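Content type compact mmCIF, C-alpha atoms, from the file structure23.txt:
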```txt
# COMPACT_ATOMS: atom_id res chain seq x y z
CA MET A 1 -22.76 4.61 -0.32
CA ASN A 2 -19.36 3.74 -1.84
CA ASP A 3 -16.63 6.18 -2.86
CA LYS A 4 -17.59 6.01 -6.54
CA MET A 5 -21.19 7.06 -5.91
CA ASN A 6 -20.11 9.76 -3.45
CA ASP A 7 -17.81 11.10 -6.15
CA LYS A 8 -20.11 10.94 -9.17
CA ASP A 9 -21.21 14.57 -9.37
CA SER A 10 -18.83 16.09 -6.85
CA ASN A 11 -15.76 18.23 -7.31
CA LEU A 12 -14.15 16.18 -4.54
CA LEU A 13 -12.29 12.92 -5.07
CA THR A 14 -13.04 10.32 -2.40
CA ILE A 15 -10.57 7.49 -1.79
CA ALA A 16 -10.86 5.11 1.15
CA GLY A 17 -13.38 7.45 2.74
CA LYS A 18 -11.17 10.56 2.59
CA GLN A 19 -11.96 13.51 0.34
CA TYR A 20 -9.46 15.43 -1.77
CA ASN A 21 -9.88 18.67 -3.68
CA SER A 22 -7.49 17.65 -6.46
CA ARG A 23 -8.06 14.83 -8.92
CA LEU A 24 -4.48 15.02 -10.13
CA LEU A 25 -2.03 12.71 -8.36
CA VAL A 26 1.67 13.11 -9.06
CA GLY A 27 4.87 11.17 -8.60
CA SER A 28 7.97 12.37 -6.83
CA GLY A 29 10.75 10.96 -9.00
CA LYS A 30 12.83 12.10 -11.98
CA TYR A 31 13.10 15.77 -10.98
CA LYS A 32 16.48 17.50 -10.94
CA ASP A 33 16.30 18.12 -7.19
CA LEU A 34 13.91 18.20 -4.24
CA GLU A 35 13.20 21.90 -4.69
CA GLN A 36 11.88 21.33 -8.21
CA THR A 37 9.86 18.39 -6.90
CA ARG A 38 8.11 20.68 -4.43
CA ALA A 39 7.59 23.48 -6.97
CA ALA A 40 6.04 21.14 -9.55
CA THR A 41 3.84 19.47 -6.92
CA ASP A 42 2.51 22.84 -5.82
CA ALA A 43 1.91 23.96 -9.42
CA ALA A 44 -0.05 20.75 -10.03
CA GLY A 45 -2.21 21.42 -7.00
CA ALA A 46 -1.75 17.77 -6.07
CA GLU A 47 -2.57 16.47 -2.61
CA ILE A 48 -1.60 12.81 -3.09
CA ILE A 49 2.07 12.16 -3.90
CA THR A 50 3.36 8.74 -4.92
CA VAL A 51 6.73 7.65 -3.56
CA ALA A 52 8.75 4.71 -4.85
CA ILE A 53 9.92 3.18 -1.59
CA ARG A 54 12.77 1.32 -3.30
CA ARG A 55 14.15 4.48 -4.91
CA VAL A 56 13.25 7.51 -2.79
CA ASN A 57 14.42 8.18 0.75
CA ILE A 58 11.63 8.82 3.25
CA GLY A 59 13.67 7.80 6.27
CA GLN A 60 15.35 4.58 5.19
CA ASP A 61 18.67 6.46 5.13
CA PRO A 62 18.85 8.93 8.04
CA ASN A 63 22.06 10.41 6.63
CA ALA A 64 20.57 11.44 3.27
CA PRO A 65 18.05 14.17 2.34
CA SER A 66 14.49 12.96 2.76
CA LEU A 67 11.60 13.67 0.42
CA LEU A 68 9.50 14.30 3.52
CA ASP A 69 11.59 17.41 4.21
CA VAL A 70 9.99 19.13 1.20
CA LEU A 71 6.72 17.20 1.01
CA PRO A 72 5.76 16.66 4.65
CA PRO A 73 2.90 14.28 5.50
CA SER A 74 1.27 17.12 7.42
CA GLU A 75 0.61 18.86 4.07
CA TYR A 76 0.31 15.97 1.62
CA THR A 77 -0.96 12.41 1.54
CA ILE A 78 2.10 10.29 0.85
CA LEU A 79 1.24 7.27 -1.31
CA PRO A 80 4.02 4.68 -1.05
CA ASN A 81 4.26 2.48 -4.12
CA THR A 82 6.02 -0.72 -5.09
CA ALA A 83 7.76 0.47 -8.27
CA GLY A 84 10.56 -1.95 -9.10
CA CYS A 85 8.81 -5.01 -7.66
CA TYR A 86 8.35 -8.02 -9.93
CA ASN A 87 6.60 -10.45 -7.59
CA ALA A 88 3.95 -10.36 -4.91
CA LYS A 89 6.32 -11.21 -2.05
CA ASP A 90 8.59 -8.21 -2.70
CA ALA A 91 5.61 -5.89 -3.16
CA VAL A 92 3.99 -6.90 0.12
CA TYR A 93 7.27 -6.57 2.02
CA THR A 94 7.93 -3.13 0.51
CA LEU A 95 4.57 -1.77 1.61
CA GLN A 96 4.90 -3.26 5.07
CA LEU A 97 8.21 -1.38 5.34
CA ALA A 98 6.49 1.80 4.18
CA ARG A 99 3.84 1.37 6.85
CA GLU A 100 6.54 1.27 9.50
CA LEU A 101 8.34 4.30 8.09
CA LEU A 102 5.10 6.30 7.91
CA ASN A 103 3.75 5.43 11.37
CA GLY A 104 1.06 2.96 10.40
CA HIS A 105 0.01 4.62 7.12
CA LYS A 106 -2.60 2.43 5.36
CA LEU A 107 -3.14 3.98 1.90
CA VAL A 108 -0.73 2.46 -0.63
CA LYS A 109 -0.28 1.96 -4.34
CA LEU A 110 0.42 -1.58 -5.49
CA GLU A 111 2.22 -2.26 -8.73
CA VAL A 112 3.80 -5.58 -9.64
CA LEU A 113 5.65 -5.41 -12.95
CA GLY A 114 6.01 -8.13 -15.55
CA ASP A 115 9.38 -7.24 -17.08
CA GLU A 116 11.89 -4.42 -17.28
CA LYS A 117 11.27 -3.66 -20.95
CA THR A 118 7.54 -2.94 -20.94
CA LEU A 119 6.88 -2.38 -17.21
CA PHE A 120 3.48 -3.91 -17.98
CA PRO A 121 1.64 -5.16 -14.89
CA ASN A 122 2.02 -8.80 -13.91
CA MET A 123 -1.63 -9.42 -13.16
CA PRO A 124 -1.41 -12.89 -11.53
CA GLU A 125 1.17 -11.57 -9.03
CA THR A 126 -0.80 -8.34 -8.61
CA LEU A 127 -3.90 -10.30 -7.61
CA VAL A 128 -1.92 -12.36 -5.08
CA ALA A 129 -0.36 -9.26 -3.53
CA ALA A 130 -3.68 -7.38 -3.46
CA LYS A 131 -5.38 -10.20 -1.54
CA GLU A 132 -2.60 -10.32 1.04
CA LEU A 133 -2.42 -6.55 1.50
CA VAL A 134 -6.18 -6.11 1.88
CA LYS A 135 -6.22 -8.94 4.41
CA ASP A 136 -3.40 -7.17 6.27
CA GLY A 137 -5.47 -3.99 6.60
CA PHE A 138 -4.06 -1.85 3.80
CA ASP A 139 -6.16 0.47 1.63
CA VAL A 140 -4.89 -0.61 -1.77
CA MET A 141 -4.89 1.48 -4.92
CA VAL A 142 -3.69 -0.80 -7.69
CA TYR A 143 -1.93 -0.37 -11.03
CA CYS A 144 -3.40 -2.82 -13.52
CA SER A 145 -3.92 -3.68 -17.16
CA ASP A 146 -6.87 -2.13 -18.99
CA ASP A 147 -8.75 -5.43 -18.77
CA PRO A 148 -12.28 -4.95 -17.38
CA ILE A 149 -12.36 -8.48 -15.95
CA GLN A 150 -9.09 -8.05 -14.05
CA ALA A 151 -10.24 -4.66 -12.79
CA ARG A 152 -13.45 -6.21 -11.47
CA MET A 153 -11.47 -8.97 -9.73
CA LEU A 154 -9.31 -6.38 -7.97
CA GLU A 155 -12.39 -4.48 -6.87
CA ASP A 156 -13.97 -7.69 -5.57
CA ILE A 157 -10.80 -8.38 -3.55
CA GLY A 158 -11.34 -5.04 -1.79
CA CYS A 159 -9.01 -2.58 -3.51
CA VAL A 160 -10.11 1.03 -2.92
CA ALA A 161 -9.20 2.22 -6.43
CA VAL A 162 -8.21 0.62 -9.73
CA MET A 163 -5.58 2.32 -11.87
CA PRO A 164 -5.44 0.98 -15.42
CA LEU A 165 -2.58 2.06 -17.63
CA ALA A 166 -3.30 4.35 -20.57
CA SER A 167 -0.12 3.13 -22.27
CA LEU A 168 3.30 1.94 -21.11
CA ILE A 169 4.88 3.65 -18.09
CA GLY A 170 6.96 6.63 -19.15
CA SER A 171 6.01 6.27 -22.83
CA GLY A 172 3.94 9.45 -23.13
CA MET A 173 1.80 7.71 -25.77
CA GLY A 174 -1.50 8.78 -24.22
CA ILE A 175 -4.68 6.70 -24.04
CA LEU A 176 -4.31 3.92 -26.60
CA ASN A 177 -7.48 2.00 -25.75
CA PRO A 178 -10.28 4.32 -24.65
CA TRP A 179 -12.90 1.60 -25.20
CA ASN A 180 -11.47 -0.74 -22.58
CA LEU A 181 -11.05 2.17 -20.22
CA SER A 182 -14.69 3.13 -20.71
CA LEU A 183 -15.79 -0.43 -19.89
CA ILE A 184 -13.83 -0.34 -16.64
CA ILE A 185 -15.31 3.06 -15.71
CA GLU A 186 -18.85 1.91 -16.50
CA GLN A 187 -18.71 -1.14 -14.22
CA ALA A 188 -16.57 0.17 -11.37
CA ARG A 189 -17.93 0.94 -7.91
CA VAL A 190 -14.60 2.35 -6.76
CA PRO A 191 -12.63 5.26 -8.24
CA VAL A 192 -10.87 4.64 -11.56
CA LEU A 193 -7.68 6.60 -12.15
CA VAL A 194 -5.55 6.50 -15.28
CA ASP A 195 -2.03 5.51 -14.34
CA ALA A 196 0.89 5.54 -16.80
CA GLY A 197 1.27 6.77 -20.35
CA VAL A 198 0.06 10.37 -20.10
CA GLY A 199 2.29 12.61 -22.19
CA THR A 200 0.69 16.03 -22.25
CA ALA A 201 -2.30 18.00 -21.03
CA SER A 202 -4.70 16.79 -23.73
CA ASP A 203 -4.16 13.18 -22.59
CA ALA A 204 -5.20 14.11 -19.07
CA ALA A 205 -8.25 15.99 -20.34
CA ILE A 206 -9.35 13.01 -22.46
CA ALA A 207 -9.04 10.66 -19.48
CA MET A 208 -11.27 12.91 -17.42
CA GLU A 209 -13.76 13.42 -20.28
CA LEU A 210 -14.13 9.63 -20.50
CA GLY A 211 -15.24 9.65 -16.87
CA CYS A 212 -12.08 8.77 -14.98
CA ASP A 213 -12.13 9.90 -11.37
CA GLY A 214 -8.54 11.10 -11.51
CA VAL A 215 -5.17 10.85 -13.22
CA LEU A 216 -1.77 9.90 -11.83
CA MET A 217 1.40 10.97 -13.60
CA ASN A 218 5.10 11.54 -13.05
CA THR A 219 7.23 11.46 -16.22
CA ALA A 220 4.88 13.71 -18.21
CA ILE A 221 5.64 16.49 -15.75
CA ALA A 222 9.17 15.72 -14.62
CA ALA A 223 10.51 15.09 -18.15
CA ALA A 224 8.97 18.23 -19.65
CA GLN A 225 11.31 21.05 -20.65
CA ASP A 226 9.61 23.19 -18.00
CA PRO A 227 8.23 20.80 -15.36
CA VAL A 228 6.58 23.49 -13.24
CA ARG A 229 4.70 24.96 -16.20
CA MET A 230 3.67 21.49 -17.37
CA ALA A 231 2.41 20.69 -13.88
CA ARG A 232 0.21 23.78 -14.03
CA ALA A 233 -1.05 22.75 -17.48
CA MET A 234 -1.92 19.28 -16.18
CA ARG A 235 -3.87 20.77 -13.28
CA LEU A 236 -5.95 22.87 -15.67
CA ALA A 237 -6.45 19.94 -18.06
CA VAL A 238 -7.80 17.70 -15.31
CA LEU A 239 -10.18 20.45 -14.20
CA ALA A 240 -11.34 21.10 -17.77
CA GLY A 241 -11.82 17.42 -18.53
CA ARG A 242 -13.87 16.91 -15.39
CA GLU A 243 -16.10 19.90 -16.20
CA ALA A 244 -16.62 18.61 -19.74
CA TYR A 245 -17.57 15.17 -18.42
CA LEU A 246 -20.09 16.63 -15.98
CA ALA A 247 -21.50 18.97 -18.64
CA GLY A 248 -22.10 16.12 -21.10
CA ARG A 249 -20.77 16.53 -24.61
CA MET A 250 -23.02 17.07 -27.62
CA PRO A 251 -23.87 13.93 -29.62
CA ARG A 252 -21.65 13.05 -32.57
CA ARG A 253 -23.43 13.38 -35.92
CA PHE A 254 -22.60 12.24 -39.43
CA ALA A 255 -24.10 15.38 -40.97
CA ALA A 256 -23.68 19.09 -40.46
CA SER A 257 -26.06 20.94 -38.19
CA PRO A 258 -26.30 24.74 -38.50
CA SER A 259 -25.49 26.78 -35.44
CA SER A 260 -28.33 29.16 -36.19
CA PRO A 261 -31.87 27.79 -36.70
CA MET A 262 -33.47 28.17 -40.12
CA ALA A 263 -36.92 28.92 -38.69
CA GLY A 264 -37.72 32.63 -38.40
CA ARG A 265 -34.85 33.78 -40.58
CA ILE A 266 -35.19 37.10 -42.44
CA ALA A 267 -36.25 36.56 -46.03
CA ALA A 268 -33.97 37.87 -48.77
```
Go through the file and emit its structure as structure tokens.
Amino acid sequence: MNDKMNDKDSNLLTIAGKQYNSRLLVGSGKYKDLEQTRAATDAAGAEIITVAIRRVNIGQDPNAPSLLDVLPPSEYTILPNTAGCYNAKDAVYTLQLARELLNGHKLVKLEVLGDEKTLFPNMPETLVAAKELVKDGFDVMVYCSDDPIQARMLEDIGCVAVMPLASLIGSGMGILNPWNLSLIIEQARVPVLVDAGVGTASDAAIAMELGCDGVLMNTAIAAAQDPVRMARAMRLAVLAGREAYLAGRMPRRFAASPSSPMAGRIAA
């Protein structure tokens, strides 16, 4: 049974055969300092933390503070990502470096960007990098467009999770195309996690109500006026959205329906 089927009615998120209690994944950038990074991560209840290898020190510079000092791999699953990479070659090299720095760590997040203005995924280069990384033994979670065909291609390559954007990275615009996202969720046999564009707690809840297996965010928390409080709100929103999805919402109707039945009412 694949991770998607294992996960269908469970409170646990399964990725690459490992189970996690939290369905909220968070980034580690944009905070004012490492202490706030740790506090917000704890408030979010997150267990998987993304790290931009090109921007965050996890041992590349032995003379500088390391993120691993406050978010040690013994407590969290570190998810190295390729933020800032614009071609497959650079992305593959970056994750190979991360594997060395993290003692053979296999779970990674691939993102290959198209341009600096939109940070939209470059899907041809993403597909090339995904093939090479899977062949090299990595467990690849992949940032992608909200195109159901591209998502299926990435799954067929062997990626362990697909991560379509809700809207542009850092935009906070929320889920702009829920229909495409629903198509991806419906066909996927691996976990589907919304990545990019979440702005506030209601966005996270909507993603989970649609049937997403999890949500990844960074800016929505780190750029909030109170990041720690927002992290806590996001944790609750993901939990609420998941419960609503499992409960099954009432059908939408085009006419009113009384809350109290008419049959058996007391006559005037």
Mind checking which residues fall within 9 Å of segment 44-55 of chain A, counting all atoms listed in the file, ignoring those fewer than 6 positions away in the same chain, and posting them as an MDAnalysis selection string?
-> chainID A and resid 20:29 67 71 75:85 94:95 97:98 108:109 216 218 228:236
Radius query 8 Å about (6.5, -6.3, -9.6), atoms used: all atoms listed in the file, as a VMD selection string = chain A and resid 82 to 88 90 to 91 111 to 114 121 to 122 125 to 126
One-decimal distance in Å that lies between atom CA of Glu155 of chain A and atom CA of Leu107 of chain A =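 It comes out at 15.3 Å.
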Kindly indicate which residue among A:Asp195, A:Glu35, A:Asp115, A:Asp139 lies nearest to Gly214 of chain A, using all atoms listed in the file for the distances.
-> A:Asp195
Using only C-alpha atoms, which residues sit within 10 Å of Asn177 of chain A once same-chain residues fewer than 5 positions away are excluded, as a list in words?
->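 My list of contacting residues is Asp146, Leu165, Ala166, Ser167 and Ser182 of chain A.
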Using only C-alpha atoms, which of the listed residues (A:Gln225, A:Ala220, A:Met208, A:Phe120) sits closest to Tyr245 of chain A?
->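 Closest residue, counting only C-alpha atoms: A:Met208.
Residue nearest Thr219 of chain A, chosen from A:Ser259, A:Asn103, A:Ser202, A:Thr37 and counting all atoms listed in the file: A:Thr37.
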